[in-house]
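What follows is a single structure, written as structure tokens, with notes after it.
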Amino acid sequence: AQKITQTQPGMFVQEKEAVTLDCTYDTSDPSYGLFWYKQPSSGEMIFLIYQGSYDQQNATEGRYSLNFQKARKSANLVISASQLGDSAMYFCANPGSARQLTFGSGTQLTVLP
Amino acid sequence: DTGVSQDPRHKITKRGQNVTFRCDPISEHNRLYWYRQTLGQGPEFLTYFQNEAQLEKSRLLSDRFSAERPKGSFSTLEIQRTEQGDSAMYLCASKAPGGNQPQHFGDGTRLSIL
């Protein structure tokens with residue numbers, strides 16, 4: 001069974017600064033992946049970035065990057081140069097055997113002007 | 001690619017009534033997932049389809065819930081005899097073949113039980 005832990009219920013960051021959102025996972029699968037999604041107040045879930053357990057490098061996608069530390073079972077999301085539009089709920093998720101996602105409880109990010 | 005579409009966006013109904021939600025996935029996606037999300041929590045998996053076959057159901061899916069995907073395209077989720085605890089956002093997602101492909105979500109249907 002998969003378990004995702006996000007220990008930061010809320011985070012604040014100043015506009016244009018970088019912020020790290022924490023995610024730790026627990027899985028028995030030898031091969032696995034981690035997804036990050038963004039959910040603005042309007043409700044839609046937006047895919048941001050994916051990291052595979054066997055990927056040689058940390059994933060990057062524009063201003064998003066993953067600090068993947070396999071030994072620590074952590075896959076923290078780094079958002080660089082924060083923008084006001086980044087204010088949203090952020091979820092880390094791990095797919096199960098049928099690729100169904102197990103989500104963490106999320107982190108509410110607020111970007112301050 | 002028109003994205004995943006869900007209908008209705010909002011549904012308000014009285015306790016005990018039946019409700020049905022519809023999800024239209026991205027056309028080339030063979031897998032379709034239903035999730036439920038309550039306030040302040042992450043989405044929780046309910047069930048999924050590969051083409052028209054329903055392959056897994058969560059224990060969250062009580063016998064009052066039923067889902068179909070009759071022709072492997074759109075899907076419906078029905079809740080019979082609704083209860084207060086059914087109030088939530090119901091999210092649908094679809095996924096292309098391939099283990100690393102992300103799920104693409106619709107905007108969800110927000111259900112409120114009076």
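Chains: A, B, ... in order of the structure tokens. Residues: from 1 per chain. Ligands: from 1, in order shown.
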Can you list, as a count of residues only, every protein, DNA or RNA residue that comes within 8 Å of Ser80 (chain A) when you count only C-alpha atoms, leaving out same-chain residues fewer than 3 positions away?
6
Please identify all residues of chain A having at least one atom at most 8 Å from any atom of chain B, considering only C-alpha atoms, and return them as a ChimeraX atom specification.
/A:33,35,43-47,50,52,91,98-106
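Of the residues listed (A:Ser41, A:Gln51, A:Thr7, A:Gln108), A:Gln51 shows the shortest atom-to-atom separation from Asn67 (chain A); distances use only C-alpha atoms.
The interatomic distance for the pair CA of Ser28 (chain A) and CA of Pro9 (chain A) works out to 25.9 Å.
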Residues near Ala71 (chain A), anyone? I mean within 12 Å using only C-alpha atoms, not counting same-chain ones fewer than 4 positions away, as a ChimeraX atom specification.
/A:24-26,53,75
Save the residues we just selected, N, CA, C and O atoms, as a CSV table (one decimal), in the first residue's frame?
chain,number,residue,atom,x,y,z
A,24,THR,N,7.0,13.1,1.5
A,24,THR,CA,7.6,11.8,1.8
A,24,THR,C,6.6,10.7,1.4
A,24,THR,O,5.4,10.9,1.5
A,25,TYR,N,7.2,9.6,1.0
A,25,TYR,CA,6.3,8.5,0.6
A,25,TYR,C,6.7,7.2,1.2
A,25,TYR,O,7.9,7.1,1.7
A,26,ASP,N,5.8,6.3,1.2
A,26,ASP,CA,6.1,4.9,1.6
A,26,ASP,C,5.5,3.9,0.7
A,26,ASP,O,4.3,3.9,0.5
A,53,SER,N,11.2,6.4,-10.2
A,53,SER,CA,12.2,6.0,-9.2
A,53,SER,C,13.5,5.6,-9.8
A,53,SER,O,14.6,5.7,-9.1
A,75,ALA,N,10.4,13.4,-2.1
A,75,ALA,CA,10.3,14.0,-3.4
A,75,ALA,C,9.7,15.4,-3.3
A,75,ALA,O,8.5,15.6,-3.5
Nearest residue to Asp55 (chain A) from the set A:Tyr32, A:Ser74, A:Met11, A:Gln83 (distances using only C-alpha atoms)
A:Tyr32
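Across A:Thr110, A:Ser97, A:Met89, A:Leu77, the tightest approach to Ala59 (chain A) is made by A:Leu77 when counting only C-alpha atoms.
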Rank A:Leu21, A:Leu48, A:Leu109, A:Cys92 by their smallest atom-to-atom distance to Asn76 (chain A), using only C-alpha atoms, and report the top residue only.
A:Leu21
Point-to-point distance from CA of Glu15 (chain A) to CA of Leu84 (chain A), Å rounded to tenths
6.6 Å
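Each of B:Asp86, B:Asp24, B:Asp7, B:Glu52 was checked against Phe65 (chain B) using only C-alpha atoms; the smallest atom-to-atom distance is that of B:Asp86.
Of the residues under consideration (A:Gln56, A:Ala88, A:Ser42, A:Lys70), A:Lys70 shows the shortest atom-to-atom contact distance to Cys23 (chain A) when counting only C-alpha atoms.
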List the spatial neighbours of region 78-83 of chain B as a PDB file with all heavy atoms, in the first residue's frame - criterion: any atom at most 8 Å away, only C-alpha atoms, same-chain residues fewer than 5 positions off excluded.
ATOM      1  N   LYS B  14     -31.647  16.693  -2.222  1.00  0.00           N
ATOM      2  CA  LYS B  14     -32.092  16.345  -0.879  1.00  0.00           C
ATOM      3  C   LYS B  14     -31.622  14.937  -0.526  1.00  0.00           C
ATOM      4  O   LYS B  14     -31.500  14.074  -1.400  1.00  0.00           O
ATOM      5  CB  LYS B  14     -33.613  16.417  -0.786  1.00  0.00           C
ATOM      6  CG  LYS B  14     -34.169  17.818  -0.924  1.00  0.00           C
ATOM      7  CD  LYS B  14     -35.683  17.800  -0.768  1.00  0.00           C
ATOM      8  CE  LYS B  14     -36.255  19.194  -0.891  1.00  0.00           C
ATOM      9  NZ  LYS B  14     -37.737  19.199  -0.772  1.00  0.00           N
ATOM     10  N   ARG B  15     -31.397  14.731   0.736  1.00  0.00           N
ATOM     11  CA  ARG B  15     -31.002  13.409   1.223  1.00  0.00           C
ATOM     12  C   ARG B  15     -32.019  12.364   0.774  1.00  0.00           C
ATOM     13  O   ARG B  15     -33.232  12.581   0.835  1.00  0.00           O
ATOM     14  CB  ARG B  15     -30.899  13.455   2.744  1.00  0.00           C
ATOM     15  CG  ARG B  15     -30.444  12.173   3.413  1.00  0.00           C
ATOM     16  CD  ARG B  15     -30.045  12.451   4.866  1.00  0.00           C
ATOM     17  NE  ARG B  15     -31.075  13.179   5.574  1.00  0.00           N
ATOM     18  CZ  ARG B  15     -32.025  12.626   6.311  1.00  0.00           C
ATOM     19  NH1 ARG B  15     -32.077  11.301   6.411  1.00  0.00           N
ATOM     20  NH2 ARG B  15     -32.914  13.361   6.940  1.00  0.00           N
ATOM     21  N   GLY B  16     -31.492  11.239   0.310  1.00  0.00           N
ATOM     22  CA  GLY B  16     -32.374  10.163  -0.129  1.00  0.00           C
ATOM     23  C   GLY B  16     -32.606  10.119  -1.628  1.00  0.00           C
ATOM     24  O   GLY B  16     -33.092   9.105  -2.146  1.00  0.00           O
ATOM     25  N   GLN B  17     -32.262  11.194  -2.326  1.00  0.00           N
ATOM     26  CA  GLN B  17     -32.428  11.217  -3.779  1.00  0.00           C
ATOM     27  C   GLN B  17     -31.255  10.520  -4.466  1.00  0.00           C
ATOM     28  O   GLN B  17     -30.186  10.349  -3.893  1.00  0.00           O
ATOM     29  CB  GLN B  17     -32.515  12.670  -4.267  1.00  0.00           C
ATOM     30  CG  GLN B  17     -33.704  13.429  -3.720  1.00  0.00           C
ATOM     31  CD  GLN B  17     -35.017  12.854  -4.220  1.00  0.00           C
ATOM     32  OE1 GLN B  17     -35.236  12.720  -5.430  1.00  0.00           O
ATOM     33  NE2 GLN B  17     -35.901  12.498  -3.306  1.00  0.00           N
ATOM     34  N   ASN B  18     -31.494  10.138  -5.710  1.00  0.00           N
ATOM     35  CA  ASN B  18     -30.433   9.556  -6.530  1.00  0.00           C
ATOM     36  C   ASN B  18     -29.813  10.654  -7.396  1.00  0.00           C
ATOM     37  O   ASN B  18     -30.518  11.562  -7.856  1.00  0.00           O
ATOM     38  CB  ASN B  18     -30.984   8.447  -7.432  1.00  0.00           C
ATOM     39  CG  ASN B  18     -31.588   7.303  -6.646  1.00  0.00           C
ATOM     40  OD1 ASN B  18     -31.358   7.165  -5.452  1.00  0.00           O
ATOM     41  ND2 ASN B  18     -32.370   6.488  -7.330  1.00  0.00           N
ATOM     42  N   VAL B  19     -28.513  10.554  -7.619  1.00  0.00           N
ATOM     43  CA  VAL B  19     -27.843  11.502  -8.505  1.00  0.00           C
ATOM     44  C   VAL B  19     -26.931  10.736  -9.464  1.00  0.00           C
ATOM     45  O   VAL B  19     -26.441   9.655  -9.127  1.00  0.00           O
ATOM     46  CB  VAL B  19     -26.995  12.542  -7.728  1.00  0.00           C
ATOM     47  CG1 VAL B  19     -27.883  13.451  -6.894  1.00  0.00           C
ATOM     48  CG2 VAL B  19     -25.961  11.861  -6.856  1.00  0.00           C
ATOM     49  N   THR B  20     -26.724  11.315 -10.631  1.00  0.00           N
ATOM     50  CA  THR B  20     -25.834  10.711 -11.628  1.00  0.00           C
ATOM     51  C   THR B  20     -24.931  11.791 -12.186  1.00  0.00           C
ATOM     52  O   THR B  20     -25.400  12.869 -12.551  1.00  0.00           O
ATOM     53  CB  THR B  20     -26.625  10.065 -12.775  1.00  0.00           C
ATOM     54  OG1 THR B  20     -27.471   9.047 -12.235  1.00  0.00           O
ATOM     55  CG2 THR B  20     -25.681   9.439 -13.799  1.00  0.00           C
ATOM     56  N   PHE B  21     -23.643  11.471 -12.262  1.00  0.00           N
ATOM     57  CA  PHE B  21     -22.657  12.380 -12.827  1.00  0.00           C
ATOM     58  C   PHE B  21     -22.089  11.753 -14.106  1.00  0.00           C
ATOM     59  O   PHE B  21     -21.978  10.542 -14.212  1.00  0.00           O
ATOM     60  CB  PHE B  21     -21.498  12.616 -11.855  1.00  0.00           C
ATOM     61  CG  PHE B  21     -21.912  12.979 -10.457  1.00  0.00           C
ATOM     62  CD1 PHE B  21     -21.227  12.466  -9.370  1.00  0.00           C
ATOM     63  CD2 PHE B  21     -22.986  13.827 -10.221  1.00  0.00           C
ATOM     64  CE1 PHE B  21     -21.595  12.784  -8.072  1.00  0.00           C
ATOM     65  CE2 PHE B  21     -23.359  14.153  -8.930  1.00  0.00           C
ATOM     66  CZ  PHE B  21     -22.670  13.629  -7.852  1.00  0.00           C
ATOM     67  N   ARG B  64     -24.242   1.664  -2.582  1.00  0.00           N
ATOM     68  CA  ARG B  64     -25.106   2.720  -3.115  1.00  0.00           C
ATOM     69  C   ARG B  64     -24.481   3.398  -4.337  1.00  0.00           C
ATOM     70  O   ARG B  64     -25.143   4.167  -5.025  1.00  0.00           O
ATOM     71  CB  ARG B  64     -25.382   3.767  -2.031  1.00  0.00           C
ATOM     72  CG  ARG B  64     -26.150   3.259  -0.831  1.00  0.00           C
ATOM     73  CD  ARG B  64     -26.476   4.384   0.140  1.00  0.00           C
ATOM     74  NE  ARG B  64     -25.262   5.014   0.688  1.00  0.00           N
ATOM     75  CZ  ARG B  64     -24.817   6.205   0.323  1.00  0.00           C
ATOM     76  NH1 ARG B  64     -25.447   6.913  -0.607  1.00  0.00           N
ATOM     77  NH2 ARG B  64     -23.724   6.698   0.866  1.00  0.00           N
ATOM     78  N   PHE B  65     -23.222   3.124  -4.570  1.00  0.00           N
ATOM     79  CA  PHE B  65     -22.497   3.732  -5.688  1.00  0.00           C
ATOM     80  C   PHE B  65     -22.374   2.721  -6.825  1.00  0.00           C
ATOM     81  O   PHE B  65     -22.066   1.550  -6.600  1.00  0.00           O
ATOM     82  CB  PHE B  65     -21.079   4.138  -5.265  1.00  0.00           C
ATOM     83  CG  PHE B  65     -21.008   5.330  -4.352  1.00  0.00           C
ATOM     84  CD1 PHE B  65     -21.466   5.258  -3.048  1.00  0.00           C
ATOM     85  CD2 PHE B  65     -20.459   6.521  -4.791  1.00  0.00           C
ATOM     86  CE1 PHE B  65     -21.389   6.358  -2.197  1.00  0.00           C
ATOM     87  CE2 PHE B  65     -20.366   7.626  -3.952  1.00  0.00           C
ATOM     88  CZ  PHE B  65     -20.837   7.536  -2.649  1.00  0.00           C
ATOM     89  N   SER B  66     -22.583   3.205  -8.035  1.00  0.00           N
ATOM     90  CA  SER B  66     -22.318   2.358  -9.191  1.00  0.00           C
ATOM     91  C   SER B  66     -21.743   3.210 -10.309  1.00  0.00           C
ATOM     92  O   SER B  66     -22.115   4.364 -10.475  1.00  0.00           O
ATOM     93  CB  SER B  66     -23.583   1.641  -9.656  1.00  0.00           C
ATOM     94  OG  SER B  66     -24.563   2.588 -10.060  1.00  0.00           O
ATOM     95  N   ALA B  67     -20.830   2.643 -11.039  1.00  0.00           N
ATOM     96  CA  ALA B  67     -20.199   3.354 -12.141  1.00  0.00           C
ATOM     97  C   ALA B  67     -20.229   2.482 -13.383  1.00  0.00           C
ATOM     98  O   ALA B  67     -20.145   1.261 -13.297  1.00  0.00           O
ATOM     99  CB  ALA B  67     -18.759   3.729 -11.787  1.00  0.00           C
ATOM    100  N   ILE B 113     -25.538  17.785  -0.318  1.00  0.00           N
ATOM    101  CA  ILE B 113     -26.737  17.086   0.134  1.00  0.00           C
ATOM    102  C   ILE B 113     -27.404  17.935   1.222  1.00  0.00           C
ATOM    103  O   ILE B 113     -26.771  18.257   2.232  1.00  0.00           O
ATOM    104  CB  ILE B 113     -26.403  15.692   0.686  1.00  0.00           C
ATOM    105  CG1 ILE B 113     -25.590  14.881  -0.328  1.00  0.00           C
ATOM    106  CG2 ILE B 113     -27.675  14.953   1.091  1.00  0.00           C
ATOM    107  CD1 ILE B 113     -26.313  14.609  -1.621  1.00  0.00           C
TER     108      ILE B 113
END
Please run DSSP on the backbone and report, as a ChimeraX atom specification, all residues within chain A that come out as strand (DSSP E or B).
/A:3-5,10-14,19-21,24-26,33-39,46-52,60-61,64-69,74-79,88-95,101-103,107-112
